[in-house]
$ cat target.cif   # mmCIF, C-alpha atoms and all ligand atoms
data_upload
loop_
_atom_site.label_atom_id
_atom_site.label_comp_id
_atom_site.auth_asym_id
_atom_site.auth_seq_id
_atom_site.Cartn_x
_atom_site.Cartn_y
_atom_site.Cartn_z
CA MET A 1 -27.18 -10.55 -12.03
CA SER A 2 -27.29 -12.73 -8.97
CA GLU A 3 -30.16 -15.17 -8.67
CA SER A 4 -32.09 -14.42 -5.53
CA SER A 5 -31.68 -17.49 -3.39
CA ALA A 6 -31.70 -18.11 0.34
CA ASN A 7 -28.85 -20.57 -0.19
CA THR A 8 -25.99 -18.13 -0.63
CA SER A 9 -23.56 -20.80 -1.84
CA ASN A 10 -25.61 -21.27 -5.02
CA ILE A 11 -25.43 -17.69 -6.19
CA ASN A 12 -23.62 -16.95 -9.47
CA GLY A 13 -23.32 -13.41 -10.61
CA LYS A 14 -21.34 -10.63 -12.16
CA VAL A 15 -20.72 -7.02 -11.12
CA ALA A 16 -18.68 -4.23 -12.70
CA TRP A 17 -17.57 -0.84 -11.40
CA LYS A 18 -15.82 2.15 -12.88
CA SER A 19 -13.64 3.90 -10.31
CA PRO A 20 -11.51 7.01 -10.81
CA SER A 21 -8.00 7.93 -9.84
CA ASN A 22 -7.50 10.91 -7.57
CA ILE A 23 -4.97 13.70 -7.29
CA ALA A 24 -3.63 14.58 -3.85
CA ILE A 25 -3.15 18.24 -3.04
CA VAL A 26 -1.62 17.43 0.37
CA LYS A 27 0.32 14.23 -0.26
CA TYR A 28 0.41 10.92 1.58
CA TRP A 29 4.10 10.02 1.74
CA GLY A 30 5.24 7.68 4.49
CA LYS A 31 3.34 4.77 6.05
CA TYR A 32 3.59 2.25 8.89
CA GLY A 33 1.92 -0.91 10.18
CA ASN A 34 -0.83 -2.29 7.97
CA GLN A 35 -1.13 0.53 5.44
CA LEU A 36 -1.51 3.36 7.96
CA PRO A 37 -0.46 6.85 6.88
CA ARG A 38 2.18 8.93 8.66
CA ASN A 39 0.18 12.11 7.89
CA THR A 40 -3.26 13.21 6.78
CA SER A 41 -3.73 13.68 3.03
CA LEU A 42 -6.41 15.40 0.96
CA SER A 43 -7.22 14.83 -2.69
CA PHE A 44 -9.85 15.38 -5.28
CA THR A 45 -11.38 12.49 -7.12
CA LEU A 46 -11.04 12.59 -10.92
CA SER A 47 -13.48 11.74 -13.74
CA ASN A 48 -11.61 10.60 -16.85
CA ALA A 49 -8.62 8.70 -15.43
CA PHE A 50 -10.37 5.55 -14.29
CA THR A 51 -10.33 1.75 -14.09
CA ILE A 52 -13.24 -0.46 -15.06
CA THR A 53 -13.22 -3.81 -13.28
CA SER A 54 -15.71 -6.62 -13.62
CA VAL A 55 -15.89 -9.63 -11.33
CA ALA A 56 -17.90 -12.77 -12.17
CA TYR A 57 -18.34 -15.09 -9.20
CA HIS A 58 -19.16 -18.81 -9.12
CA PRO A 59 -19.43 -21.05 -6.03
CA LYS A 60 -16.58 -23.56 -5.68
CA GLU A 61 -15.65 -26.50 -3.45
CA SER A 62 -11.87 -26.10 -3.28
CA SER A 63 -10.24 -24.07 -0.48
CA GLY A 64 -8.23 -20.86 -0.76
CA ILE A 65 -8.34 -17.91 -3.13
CA ASP A 66 -8.97 -18.93 -6.73
CA ILE A 67 -9.08 -16.29 -9.47
CA ASP A 68 -8.50 -15.72 -13.18
CA PHE A 69 -7.27 -12.22 -13.87
CA THR A 70 -7.03 -10.38 -17.16
CA PHE A 71 -5.70 -6.87 -17.63
CA GLU A 72 -6.77 -5.14 -20.83
CA GLY A 73 -7.79 -8.47 -22.34
CA SER A 74 -4.66 -10.52 -21.53
CA ARG A 75 -3.65 -12.73 -18.64
CA ASN A 76 -1.25 -10.85 -16.37
CA LYS A 77 0.54 -13.11 -13.88
CA ALA A 78 2.31 -10.32 -11.94
CA PHE A 79 -0.95 -8.43 -11.29
CA GLU A 80 -2.76 -11.72 -10.61
CA GLN A 81 -0.27 -12.65 -7.87
CA ARG A 82 -0.60 -9.21 -6.27
CA ILE A 83 -4.40 -9.56 -6.26
CA VAL A 84 -4.28 -13.09 -4.82
CA ARG A 85 -2.08 -11.85 -1.95
CA PHE A 86 -4.40 -8.92 -1.39
CA LEU A 87 -7.57 -11.07 -1.41
CA ASP A 88 -5.94 -13.51 1.02
CA SER A 89 -5.10 -10.63 3.34
CA ILE A 90 -8.72 -9.34 3.44
CA ALA A 91 -10.51 -12.74 3.45
CA LYS A 92 -10.98 -12.47 7.24
CA GLU A 93 -13.23 -9.49 6.53
CA LEU A 94 -14.88 -10.96 3.42
CA PRO A 95 -15.12 -14.73 4.03
CA PHE A 96 -17.02 -15.27 0.74
CA LEU A 97 -13.64 -14.88 -1.02
CA TYR A 98 -12.81 -18.48 -0.06
CA ASP A 99 -16.14 -19.86 -1.32
CA TYR A 100 -16.15 -18.47 -4.86
CA HIS A 101 -14.05 -18.66 -7.98
CA LEU A 102 -13.63 -15.09 -9.28
CA GLU A 103 -13.07 -14.06 -12.90
CA ILE A 104 -11.65 -10.56 -12.69
CA ALA A 105 -11.14 -8.36 -15.75
CA SER A 106 -9.71 -4.88 -15.53
CA GLU A 107 -8.89 -2.04 -17.91
CA ASN A 108 -7.60 1.50 -17.47
CA SER A 109 -8.37 4.66 -19.38
CA PHE A 110 -4.68 5.67 -19.00
CA PRO A 111 -1.23 3.99 -19.06
CA HIS A 112 -0.51 2.12 -15.81
CA SER A 113 2.64 2.84 -13.75
CA SER A 114 3.03 6.30 -15.25
CA GLY A 115 2.57 8.14 -11.98
CA ILE A 116 -1.19 8.54 -12.46
CA ALA A 117 -1.82 6.49 -9.33
CA SER A 118 -3.22 3.54 -11.27
CA SER A 119 -3.24 1.59 -8.01
CA ALA A 120 -5.83 4.02 -6.61
CA SER A 121 -8.38 3.47 -9.38
CA ALA A 122 -7.57 -0.25 -9.79
CA MET A 123 -7.82 -1.12 -6.10
CA SER A 124 -10.92 1.00 -5.51
CA ALA A 125 -12.69 -0.49 -8.57
CA LEU A 126 -11.87 -4.00 -7.35
CA CYS A 127 -13.01 -3.23 -3.80
CA MET A 128 -16.29 -1.69 -4.99
CA CYS A 129 -16.92 -4.96 -6.88
CA LEU A 130 -16.09 -7.05 -3.80
CA CYS A 131 -18.38 -4.97 -1.56
CA ASP A 132 -21.13 -5.21 -4.17
CA ILE A 133 -20.79 -9.02 -4.34
CA ASP A 134 -20.82 -9.18 -0.54
CA SER A 135 -24.07 -7.16 -0.55
CA GLN A 136 -25.63 -9.43 -3.20
CA ILE A 137 -24.66 -12.63 -1.42
CA HIS A 138 -25.90 -11.38 1.93
CA HIS A 139 -28.95 -9.56 0.50
CA LYS A 140 -27.83 -6.18 1.86
CA GLU A 141 -29.44 -3.11 0.31
CA ASN A 142 -26.43 -0.79 0.16
CA ILE A 143 -22.69 -0.73 -0.15
CA ASP A 144 -20.96 0.65 2.92
CA ILE A 145 -18.61 3.27 1.46
CA GLN A 146 -16.58 3.50 4.66
CA PHE A 147 -15.90 -0.24 4.45
CA ALA A 148 -15.09 0.07 0.72
CA SER A 149 -12.61 2.84 1.55
CA HIS A 150 -11.06 0.74 4.32
CA LEU A 151 -10.61 -2.27 2.00
CA SER A 152 -9.26 -0.07 -0.79
CA ARG A 153 -6.71 1.41 1.63
CA LEU A 154 -5.43 -2.09 2.42
CA GLY A 155 -4.80 -2.53 -1.33
CA SER A 156 -3.19 0.88 -1.83
CA GLY A 157 -3.25 3.83 0.57
CA SER A 158 -4.35 6.46 -1.94
CA ALA A 159 -7.17 4.15 -3.15
CA SER A 160 -9.00 4.87 0.12
CA ARG A 161 -9.75 8.38 -1.22
CA SER A 162 -10.92 7.27 -4.71
CA VAL A 163 -14.28 5.95 -3.46
CA ILE A 164 -15.11 9.39 -2.04
CA PRO A 165 -16.90 11.95 -4.25
CA PHE A 166 -15.16 15.31 -4.77
CA PHE A 167 -12.71 16.00 -1.90
CA GLY A 168 -11.53 13.06 0.21
CA LEU A 169 -9.44 13.22 3.37
CA TRP A 170 -7.57 10.22 4.74
CA GLY A 171 -5.62 9.98 7.99
CA HIS A 172 -6.42 10.91 11.56
CA HIS A 173 -6.04 14.62 12.34
CA ASN A 174 -6.54 15.92 15.87
CA ASP A 175 -8.47 18.94 14.60
CA ILE A 176 -10.74 17.13 12.13
CA PRO A 177 -13.73 15.26 13.54
CA ASN A 178 -14.31 11.74 12.17
CA SER A 179 -10.93 11.68 10.38
CA SER A 180 -9.38 8.21 10.50
CA ASN A 181 -6.26 6.30 9.54
CA GLU A 182 -8.55 3.40 8.53
CA TYR A 183 -10.59 5.06 5.77
CA ALA A 184 -11.20 8.34 3.94
CA ILE A 185 -14.09 10.74 4.50
CA GLU A 186 -15.62 13.42 2.29
CA MET A 187 -14.84 17.07 3.00
CA THR A 188 -18.07 18.83 2.17
CA GLU A 189 -17.34 22.47 3.00
CA VAL A 190 -16.03 23.24 -0.47
CA HIS A 191 -16.58 26.45 -2.47
CA ASP A 192 -18.32 25.99 -5.84
CA VAL A 193 -15.22 27.06 -7.78
CA PHE A 194 -13.51 23.81 -6.71
CA ARG A 195 -16.41 21.54 -7.69
CA THR A 196 -15.63 21.96 -11.40
CA TYR A 197 -11.85 22.27 -11.10
CA HIS A 198 -9.69 20.98 -13.93
CA ASP A 199 -6.72 18.64 -13.77
CA ASP A 200 -5.15 18.25 -17.21
CA ILE A 201 -2.58 15.48 -16.97
CA LEU A 202 0.29 16.18 -19.36
CA ILE A 203 2.09 12.89 -19.95
CA VAL A 204 5.82 13.61 -20.00
CA SER A 205 6.61 9.91 -19.92
CA ALA A 206 4.35 6.85 -19.84
CA LYS A 207 7.24 4.53 -18.96
CA GLU A 208 7.15 2.42 -15.81
CA LYS A 209 8.49 4.30 -12.76
CA SER A 210 12.05 3.44 -11.68
CA VAL A 211 11.06 3.42 -7.98
CA SER A 212 7.57 2.34 -6.90
CA SER A 213 5.48 4.39 -4.46
CA SER A 214 5.66 1.54 -1.95
CA ALA A 215 9.47 1.69 -2.03
CA GLY A 216 9.27 5.51 -1.74
CA HIS A 217 7.09 5.28 1.37
CA GLN A 218 9.61 2.88 2.95
CA LEU A 219 12.49 5.28 2.27
CA MET A 220 10.70 7.92 4.37
CA GLU A 221 11.49 5.77 7.44
CA GLY A 222 15.16 6.76 7.18
CA ASN A 223 14.64 10.31 5.91
CA VAL A 224 16.10 12.94 8.25
CA PHE A 225 13.32 15.38 7.33
CA ALA A 226 10.50 12.89 8.01
CA ASP A 227 9.18 14.26 11.32
CA ASN A 228 9.17 17.85 10.09
CA ARG A 229 7.47 16.72 6.89
CA TYR A 230 4.62 14.97 8.71
CA GLN A 231 4.07 18.07 10.86
CA GLN A 232 4.14 20.29 7.77
CA ALA A 233 1.57 18.12 5.98
CA ASN A 234 -0.78 18.20 8.96
CA ASP A 235 -0.45 22.01 9.16
CA ARG A 236 -1.07 22.33 5.41
CA ILE A 237 -4.25 20.24 5.74
CA ILE A 238 -5.76 22.89 8.02
CA GLU A 239 -4.68 25.66 5.65
CA LEU A 240 -6.15 23.77 2.68
CA LEU A 241 -9.50 23.24 4.40
CA GLU A 242 -9.74 27.00 4.94
CA ILE A 243 -8.80 27.64 1.29
CA LEU A 244 -11.42 25.14 0.05
CA LYS A 245 -14.11 26.89 2.09
CA LYS A 246 -13.13 30.37 0.91
CA GLY A 247 -12.59 29.49 -2.76
CA ASP A 248 -9.13 31.10 -2.91
CA VAL A 249 -7.70 29.64 -6.14
CA ASP A 250 -4.27 31.32 -5.84
CA ARG A 251 -3.60 30.04 -2.33
CA PHE A 252 -4.90 26.64 -3.47
CA GLY A 253 -2.45 26.58 -6.38
CA LYS A 254 0.51 27.78 -4.33
CA LEU A 255 -0.13 25.11 -1.71
CA ALA A 256 -0.46 22.43 -4.43
CA GLU A 257 2.89 23.43 -5.99
CA ASP A 258 4.64 23.59 -2.62
CA GLU A 259 3.37 20.08 -1.82
CA ALA A 260 4.40 18.65 -5.20
CA LEU A 261 7.92 20.01 -4.90
CA THR A 262 8.19 18.90 -1.27
CA LEU A 263 7.26 15.35 -2.34
CA HIS A 264 9.96 15.29 -5.02
CA ALA A 265 12.50 16.94 -2.70
CA LEU A 266 11.88 14.12 -0.22
CA MET A 267 12.67 11.60 -2.96
CA MET A 268 15.85 13.46 -3.88
CA CYS A 269 17.11 13.45 -0.30
CA SER A 270 16.21 9.82 0.44
CA ASP A 271 19.02 7.31 0.85
CA PRO A 272 19.44 6.12 -1.84
CA SER A 273 18.38 9.30 -3.56
CA TYR A 274 16.24 9.18 -6.69
CA ILE A 275 14.64 11.57 -9.16
CA LEU A 276 11.33 10.89 -10.92
CA MET A 277 11.04 14.25 -12.70
CA GLU A 278 12.28 14.36 -16.30
CA PRO A 279 13.88 17.36 -18.03
CA ASN A 280 10.54 18.15 -19.68
CA THR A 281 8.82 18.16 -16.26
CA ILE A 282 11.11 21.01 -15.17
CA GLU A 283 10.68 22.82 -18.49
CA MET A 284 6.89 22.64 -18.12
CA ILE A 285 7.08 23.96 -14.56
CA ASN A 286 9.11 26.94 -15.81
CA ARG A 287 6.63 27.59 -18.62
CA ILE A 288 3.65 27.34 -16.25
CA ARG A 289 5.21 29.88 -13.89
CA ALA A 290 6.11 32.23 -16.74
CA PHE A 291 2.59 32.02 -18.20
CA ARG A 292 1.05 32.69 -14.80
CA LYS A 293 3.21 35.77 -14.34
CA LYS A 294 2.40 37.12 -17.79
CA SER A 295 -1.33 36.33 -17.83
CA SER A 296 -2.21 36.62 -14.10
CA LEU A 297 -4.36 33.52 -14.60
CA PRO A 298 -4.55 31.04 -11.68
CA VAL A 299 -2.89 28.08 -13.42
CA TYR A 300 -0.77 25.94 -11.13
CA PHE A 301 0.62 22.40 -11.15
CA THR A 302 0.98 19.40 -8.96
CA LEU A 303 2.88 16.14 -9.43
CA ASP A 304 2.24 12.60 -8.30
CA ALA A 305 5.07 10.16 -7.74
CA GLY A 306 6.08 10.41 -11.38
CA PRO A 307 7.18 12.83 -14.10
CA ASN A 308 3.75 13.91 -15.36
CA ILE A 309 2.39 17.39 -14.79
CA HIS A 310 -1.11 17.84 -13.40
CA LEU A 311 -2.30 21.28 -14.48
CA LEU A 312 -4.82 22.69 -12.01
CA TYR A 313 -7.16 25.55 -12.92
CA PRO A 314 -10.77 26.73 -12.49
CA ASN A 315 -13.41 26.03 -15.13
CA HIS A 316 -13.97 29.66 -16.19
CA ILE A 317 -10.48 30.02 -17.71
CA GLU A 318 -10.62 26.75 -19.69
CA SER A 319 -10.48 28.26 -23.18
CA GLU A 320 -7.45 30.55 -22.54
CA VAL A 321 -5.62 27.67 -20.85
CA ASN A 322 -6.40 25.28 -23.71
CA LYS A 323 -4.94 27.66 -26.29
CA TRP A 324 -1.78 28.04 -24.25
CA ILE A 325 -1.44 24.27 -23.68
CA ASN A 326 -1.62 23.71 -27.44
CA ALA A 327 0.87 26.48 -28.16
CA GLU A 328 3.46 25.84 -25.43
CA LEU A 329 3.05 22.62 -23.48
CA LEU A 330 1.92 19.92 -25.89
CA GLU A 331 5.34 19.83 -27.60
CA LEU A 332 6.89 18.79 -24.26
CA THR A 333 4.60 15.77 -23.79
CA ALA A 334 5.22 12.18 -24.93
CA ASP A 335 3.57 12.05 -28.38
CA GLY A 336 1.11 14.84 -27.49
CA LYS A 337 -0.48 12.72 -24.73
CA ILE A 338 -2.80 14.59 -22.41
CA ILE A 339 -5.70 13.41 -20.25
CA LYS A 340 -8.14 16.27 -19.79
CA ASP A 341 -9.63 15.59 -16.40
CA LYS A 342 -11.83 17.24 -13.81
CA VAL A 343 -13.08 16.84 -10.28
CA GLY A 344 -15.44 13.86 -10.17
CA ASN A 345 -18.22 12.24 -8.29
CA GLY A 346 -16.61 8.92 -7.34
CA PRO A 347 -17.23 5.31 -8.42
CA GLU A 348 -20.08 4.31 -10.73
CA LYS A 349 -21.78 0.93 -11.02
CA ILE A 350 -21.69 -0.47 -14.56
CA ILE A 351 -23.29 -3.91 -14.00
C1 LIG B 1 2.55 10.38 -4.23
O1 LIG B 1 -1.11 4.96 -2.52
O2 LIG B 1 0.44 4.49 -4.45
O3 LIG B 1 0.47 9.55 -5.00
O4 LIG B 1 -0.07 2.68 -0.27
O5 LIG B 1 2.09 1.87 -1.18
O6 LIG B 1 0.01 1.71 -2.57
P1 LIG B 1 0.77 2.47 -1.50
O7 LIG B 1 1.12 3.90 -2.10
P2 LIG B 1 0.27 4.86 -3.03
O8 LIG B 1 1.03 6.25 -2.76
C2 LIG B 1 0.60 7.39 -3.40
C3 LIG B 1 1.48 8.52 -3.08
C4 LIG B 1 1.22 9.80 -3.83
C5 LIG B 1 0.52 10.82 -2.96
C6 LIG B 1 -0.94 10.62 -2.68
O9 LIG B 1 -1.67 10.10 -3.53
O10 LIG B 1 -1.36 11.06 -1.60
#
$ encode --input "target.cif" --output "structure tokens"
Amino acid sequence: MSESSANTSNINGKVAWKSPSNIAIVKYWGKYGNQLPRNTSLSFTLSNAFTITSVAYHPKESSGIDIDFTFEGSRNKAFEQRIVRFLDSIAKELPFLYDYHLEIASENSFPHSSGIASSASAMSALCMCLCDIDSQIHHKENIDIQFASHLSRLGSGSASRSVIPFFGLWGHHNDIPNSSNEYAIEMTEVHDVFRTYHDDILIVSAKEKSVSSSAGHQLMEGNVFADNRYQQANDRIIELLEILKKGDVDRFGKLAEDEALTLHALMMCSDPSYILMEPNTIEMINRIRAFRKKSSLPVYFTLDAGPNIHLLYPNHIESEVNKWINAELLELTADGKIIKDKVGNGPEKII
């Protein structure tokens, strides 16, 4: 806890936040300038795939950014350097970063770099901590979520949506009031069926991705389909907002699948081309579609920039879906790994 003192430079303290990952239904793929998206994206925030980050802060005399960083209990130089660069880039907006030594410790509830957008939960957890420290140092009552989303975006585009409860939209859209390229906003006109939606993440491979999302975004700059893609995404946003209002789970699922396969098609026709799906990803997709046909249950999938399947379905069919996962899908995962997740309420303060 920070000591309450008028002399801000004497404050020591520690904060910790748990922040979730999110799963995009309409994908952000392509960016320009300082982390600005080429199209609007819309995701739901998760519950069980999260990062917990704690930051202890102590006043210091030396200049520049000065941190110790541990990831899952060990020093991690590569992550530390990325965080130092990030903190340097946002220090204009958070000048306290130059006045304090920060001890940052972070851990995930899931394997990093497995396509579960670990950057979204990691960057949003860190930025919630930084905003919290800023509030403590300057004796502000609340954390400004819009500012937290803006900072998170500068760390990783999709992280802007992780600080938003339930359904977050990021990127300016002419037909959506208050939408912005700078930060995400909550979409509140959402049917109840989507407020308890499931996302079971079937881990096909937990290995590091061969091409990072950042590299993938850059490849969109030379992609011949880019302009049509951005238009398509912006059109799909409007369709998705209507679906969310109405509670139409089949149109929701179809749109999610179309988006997932569009994302991976864009990777396959980049120059150089690359493929992040694995054979078991395709096999699962075939089994999902066959099960849907046979059972008439609204079970659909989406994919992030990785091989893992996100199984999307409403809460009321959970038990039938669980039985089928155990019987037909688990054998296609890496060592039976599955993260059973759900729509969530956004970041939570731990300390
Ligand atoms: C496929 O947010 O990881 O998950 O801004 O370079 O950090 P950077 O990219 P990142 O891209 C995520 C892309 C996606 C789709 C999405 O989450 O919208």
$ closest_residue --input "target.cif" --among "A:Thr188, A:Ser214, A:Ser295, A:Thr40" --to "ligand LIG 1 (chain B)" --atoms "all atoms listed in the file"
A:Ser214
$ residues_near_ligand --input "target.cif" --ligand "ligand LIG 1 (chain B)" --cutoff "10 Å" --atoms "all atoms listed in the file" --output "PyMOL selection string"
chain A and resi 21-32+34-37+39-44+113+115-120+123+152-162+169-170+212-218+259-260+263-264+303-306
$ closest_residue --input "target.cif" --among "A:Ile176, A:Val343, A:Ile65, A:Leu94" --to "Ala148 in chain A" --atoms "all atoms listed in the file"
A:Leu94
$ residues_near_point --input "target.cif" --point "(-4.9, 7.6, 10.8)" --cutoff "7 Å" --atoms "all atoms listed in the file" --output "ChimeraX atom specification"
/A:36-37,171-172,180-182
$ residues_around --input "target.cif" --residues "range 193-202 of chain A" --least-positions-apart "5" --cutoff "6 Å" --atoms "only C-alpha atoms" --output "compact mmCIF listing (two decimals) with C-alpha atoms, in the coordinates of the input"
# COMPACT_ATOMS: atom_id res chain seq x y z
CA ASN A 308 3.75 13.91 -15.36
CA ILE A 309 2.39 17.39 -14.79
CA HIS A 310 -1.11 17.84 -13.40
CA LEU A 311 -2.30 21.28 -14.48
CA LEU A 312 -4.82 22.69 -12.01
CA TYR A 313 -7.16 25.55 -12.92
CA PRO A 314 -10.77 26.73 -12.49
CA ASN A 315 -13.41 26.03 -15.13
CA ILE A 338 -2.80 14.59 -22.41
CA ILE A 339 -5.70 13.41 -20.25
CA LYS A 340 -8.14 16.27 -19.79
CA ASP A 341 -9.63 15.59 -16.40
CA LYS A 342 -11.83 17.24 -13.81
CA VAL A 343 -13.08 16.84 -10.28
$ closest_residue --input "target.cif" --among "A:Asp88, A:Asp235, A:Glu278, A:Glu93" --to "Thr333 in chain A" --atoms "all atoms listed in the file"
A:Glu278
$ closest_residue --input "target.cif" --among "A:Ile351, A:His191, A:Ala206, A:His173" --to "Arg236 in chain A" --atoms "only C-alpha atoms"
A:His173
$ atom_distance --input "target.cif" --atom1 "CA of Leu276 in chain A" --atom2 "CA of Asn223 in chain A"
17.2 Å
$ closest_residue --input "target.cif" --among "A:Met284, A:Leu244, A:Leu219, A:Ala290" --to "Met268 in chain A" --atoms "all atoms listed in the file"
A:Leu219
$ closest_residue --input "target.cif" --among "A:Tyr57, A:Trp324, A:Phe50, A:Phe110" --to "Ile133 in chain A" --atoms "only C-alpha atoms"
A:Tyr57
$ decode --input "target.cif" --residues "range 290-302 of chain A" --atoms "N, CA, C and O atoms" --output "compact mmCIF listing (two decimals), in the first residue's frame"
# COMPACT_ATOMS: atom_id res chain seq x y z
N ALA A 290 -19.07 -31.38 -38.67
CA ALA A 290 -19.86 -32.63 -38.76
C ALA A 290 -20.78 -32.75 -37.55
O ALA A 290 -21.97 -33.10 -37.68
N PHE A 291 -20.27 -32.43 -36.36
CA PHE A 291 -21.08 -32.52 -35.14
C PHE A 291 -22.25 -31.53 -35.21
O PHE A 291 -23.39 -31.85 -34.83
N ARG A 292 -21.98 -30.36 -35.73
CA ARG A 292 -23.04 -29.33 -35.82
C ARG A 292 -24.16 -29.81 -36.74
O ARG A 292 -25.34 -29.65 -36.44
N LYS A 293 -23.76 -30.44 -37.84
CA LYS A 293 -24.74 -30.92 -38.80
C LYS A 293 -25.61 -32.01 -38.18
O LYS A 293 -26.83 -32.01 -38.27
N LYS A 294 -24.94 -32.93 -37.50
CA LYS A 294 -25.62 -34.08 -36.91
C LYS A 294 -26.51 -33.67 -35.74
O LYS A 294 -27.63 -34.16 -35.60
N SER A 295 -26.02 -32.77 -34.89
CA SER A 295 -26.72 -32.46 -33.63
C SER A 295 -27.63 -31.24 -33.72
O SER A 295 -28.47 -31.03 -32.85
N SER A 296 -27.42 -30.41 -34.75
CA SER A 296 -28.11 -29.10 -34.87
C SER A 296 -27.82 -28.18 -33.70
O SER A 296 -28.59 -27.25 -33.43
N LEU A 297 -26.74 -28.43 -32.98
CA LEU A 297 -26.38 -27.54 -31.86
C LEU A 297 -25.49 -26.40 -32.38
O LEU A 297 -24.65 -26.61 -33.26
N PRO A 298 -25.67 -25.20 -31.83
CA PRO A 298 -24.90 -24.04 -32.32
C PRO A 298 -23.47 -23.98 -31.76
O PRO A 298 -23.13 -23.11 -30.96
N VAL A 299 -22.65 -24.92 -32.20
CA VAL A 299 -21.24 -24.96 -31.78
C VAL A 299 -20.39 -24.53 -32.97
O VAL A 299 -20.45 -25.16 -34.03
N TYR A 300 -19.63 -23.50 -32.80
CA TYR A 300 -18.82 -22.94 -33.89
C TYR A 300 -17.41 -22.72 -33.36
O TYR A 300 -17.15 -22.86 -32.17
N PHE A 301 -16.49 -22.32 -34.27
CA PHE A 301 -15.12 -22.09 -33.80
C PHE A 301 -14.63 -20.72 -34.27
O PHE A 301 -15.17 -20.14 -35.21
N THR A 302 -13.62 -20.25 -33.60
CA THR A 302 -12.80 -19.19 -34.17
C THR A 302 -11.33 -19.53 -33.89
O THR A 302 -11.03 -20.49 -33.16
